[in-house]
Amino acid sequence: MKAPELKKQTQVLKDRLAKKGTKRDDILEDAFALTREASDRVLGQRHYDVQLIAGIALHEGNVAEMKTGEGKTLMATLPVALNAMTGKGVHVVTVNDYLAQRDAGWMGELYAYLGLSTGVIVNEQSFVYDATFDNDAHTDPRMRKLRPVSRKEAYAADITYGTNNEFGFDYLRDNMVNDVDL
C-alpha cells in the first residue's frame, strides 16, 4: 500500500469504530497492522511478534513484563494507537519527566503519520508534538519537535504522555475547583 493510502487507514478504522456495535477488539488486528507498518516506514522499527502479543495483553488490561531494551516504548504504540482511535484520548503513564518527553517526541512522529496528535505533561511544562517546530537548543533529537503549549492543549491531544504524579495532581486540582471556568 502506498503512503497516501496507508495514512488514510486511521480514518477508515475510526469510521468503522463509529458504527453502532463495533468494538475496539473488532478492529484490533487492522489497527495493530497499520501501526506496525507505519512504524516500519516512519521510524524504521518493525514490531516483533512478541511485542504484538504484549500489545494485545496491554490492551486487554493485563500486565506485560518486558526488560530494559525489549521495546516497551515501541510496543506501547500498538494499544495506544488503537485506543486513541476512539477519540476519547489516551494517557500513557511513564515513571519520570524525561521518559514522558522522550517517548512523546520519539513516538509522536509515528502518531502524527497515523493522523493522531501527541501531548506531554511534565512538571510545570506541557508540550505537543509538532513536526514543523524545531527546538534546536535541545540536545536530544527526540525532543526537538515538542512545542510548548498550555496543559489544556496537551490534554486535548489524542495521546498524552506524562507521569503518575502529574496526572494525579492535575486530576485533584481539577476536582477541587469551585468555578468550572478556571
# chains A, B, ... in the order shown; residues from 1 in each chain; ligands from 1
>>> residues_around(residues="Ala64 (chain A)", least_positions_apart="6", cutoff="9 Å", atoms="only C-alpha atoms", output="PyMOL selection string")
chain A and resi 53-55+57-58
>>> residues_around(residues="region 93-108 of chain A", least_positions_apart="5", cutoff="8 Å", atoms="only C-alpha atoms", output="list in words")
Thr73, Leu74, Thr77, Ser117, Thr118, Gly119, Val120, Ile121, Val122, Asn123, Tyr129, Arg142, Met143, Arg144, Lys145, Leu146, Thr160, Tyr161, Gly162, Thr163 and Asn164 of chain A
>>> closest_residue(among="A:His138, A:Arg41, A:Arg151, A:Lys67", to="Glu166 (chain A)", atoms="only C-alpha atoms")
A:Arg151
>>> select_by_dssp(residues="region 77-153 of chain A", states="helix (DSSP H, G or I)", output="PyMOL selection string")
chain A and resi 77-84+97-113+141-143+151-153
>>> closest_atom_pairs(of="region 63-182 of chain A", to="region 19-33 of chain A", cutoff="10 Å", atoms="only C-alpha atoms", output="Markdown table")
| residue | atom | partner | partner_atom | distance |
| --- | --- | --- | --- | --- |
| A:Thr77 | CA | A:Phe32 | CA | 8.8 |
| A:Leu78 | CA | A:Phe32 | CA | 5.4 |
| A:Pro79 | CA | A:Phe32 | CA | 7.6 |
| A:Val80 | CA | A:Phe32 | CA | 9.8 |
| A:Ala81 | CA | A:Ala31 | CA | 7.4 |
| A:Leu82 | CA | A:Ala31 | CA | 5.7 |
| A:Asn83 | CA | A:Arg24 | CA | 7.2 |
| A:Met85 | CA | A:Arg24 | CA | 8.6 |
| A:Thr86 | CA | A:Arg24 | CA | 7.9 |
>>> select_by_dssp(residues="chain A", states="strand (DSSP E or B)", output="list in words")
Val90, His91, Val92, Val93, Thr94, Thr118, Gly119, Val120, Ile121, Val122, Gln125, Ser126, Phe127, Val128, Tyr129, Leu146, Arg147, Pro148, Ile159, Thr160, Tyr161, Gly162 and Thr163 of chain A
>>> atom_distance(atom1="CA of Phe169 (chain A)", atom2="CA of Gly115 (chain A)")
29.3 Å
>>> closest_residue(among="A:Ala137, A:Leu13, A:Val50, A:Ala131", to="Ala84 (chain A)", atoms="only C-alpha atoms")
A:Leu13
>>> residues_around(residues="Lys8 (chain A)", least_positions_apart="6", cutoff="12 Å", atoms="only C-alpha atoms", output="PyMOL selection string")
chain A and resi 1-2+14-15+34+38+113-116
>>> write_last_selection(atoms="N, CA, C and O atoms", output="short mmCIF file (atom, residue, chain, number, x, y, z; two decimals), in the first residue's frame")
data_model
loop_
_atom_site.label_atom_id
_atom_site.label_comp_id
_atom_site.auth_asym_id
_atom_site.auth_seq_id
_atom_site.Cartn_x
_atom_site.Cartn_y
_atom_site.Cartn_z
N MET A 1 0.85 -1.17 0.00
CA MET A 1 0.00 0.00 0.00
C MET A 1 0.90 1.24 0.00
O MET A 1 1.84 1.33 0.75
N LYS A 2 0.57 2.18 -0.83
CA LYS A 2 1.33 3.43 -0.93
C LYS A 2 1.05 4.32 0.27
O LYS A 2 0.01 4.22 0.91
N LYS A 14 -11.40 4.56 12.28
CA LYS A 14 -12.24 5.41 13.13
C LYS A 14 -13.69 5.34 12.67
O LYS A 14 -14.61 5.27 13.50
N ASP A 15 -13.89 5.35 11.36
CA ASP A 15 -15.25 5.25 10.82
C ASP A 15 -15.89 3.91 11.16
O ASP A 15 -17.07 3.84 11.49
N LEU A 34 -1.71 -1.70 10.92
CA LEU A 34 -1.48 -0.33 10.44
C LEU A 34 -0.34 0.33 11.22
O LEU A 34 0.58 0.91 10.64
N ALA A 38 3.23 1.40 9.67
CA ALA A 38 3.59 2.82 9.74
C ALA A 38 4.90 3.00 10.51
O ALA A 38 5.76 3.79 10.12
N TYR A 113 1.96 10.55 11.75
CA TYR A 113 1.78 9.86 10.47
C TYR A 113 0.42 9.18 10.42
O TYR A 113 -0.23 9.13 9.37
N LEU A 114 -0.01 8.67 11.57
CA LEU A 114 -1.31 8.00 11.66
C LEU A 114 -2.48 8.99 11.81
O LEU A 114 -3.63 8.58 11.89
N GLY A 115 -2.16 10.28 11.86
CA GLY A 115 -3.21 11.29 11.99
C GLY A 115 -3.66 11.49 13.43
O GLY A 115 -4.75 12.01 13.67
N LEU A 116 -2.82 11.10 14.38
CA LEU A 116 -3.14 11.25 15.80
C LEU A 116 -2.20 12.28 16.42
O LEU A 116 -1.02 12.32 16.09
#
>>> closest_residue(among="A:Leu110, A:Val92, A:Ala18, A:Ile159", to="Arg46 (chain A)", atoms="only C-alpha atoms")
A:Leu110
>>> atom_distance(atom1="CA of Arg147 (chain A)", atom2="CA of Phe127 (chain A)")
5.1 Å
>>> atom_distance(atom1="CA of Ala157 (chain A)", atom2="CA of Asp174 (chain A)")
17.7 Å
>>> decode(residues="region 115-134 of chain A", atoms="C-alpha atoms", output="CSV table (one decimal), in the first residue's frame")
chain,number,residue,atom,x,y,z
A,115,GLY,CA,-3.2,11.3,12.0
A,116,LEU,CA,-3.1,11.3,15.8
A,117,SER,CA,-1.9,14.1,18.0
A,118,THR,CA,0.5,13.7,20.9
A,119,GLY,CA,0.8,15.8,24.0
A,120,VAL,CA,3.1,15.6,27.0
A,121,ILE,CA,2.6,16.8,30.6
A,122,VAL,CA,5.6,17.2,32.8
A,123,ASN,CA,6.4,19.2,35.9
A,124,GLU,CA,5.3,22.8,35.3
A,125,GLN,CA,5.5,22.3,31.5
A,126,SER,CA,3.4,20.9,28.7
A,127,PHE,CA,4.0,20.3,25.0
A,128,VAL,CA,2.6,18.9,21.8
A,129,TYR,CA,4.4,17.1,19.1
A,130,ASP,CA,4.7,19.4,16.1
A,131,ALA,CA,6.7,18.3,13.1
A,132,THR,CA,7.1,21.9,11.9
A,133,PHE,CA,8.6,23.0,15.2
A,134,ASP,CA,12.4,22.8,15.9
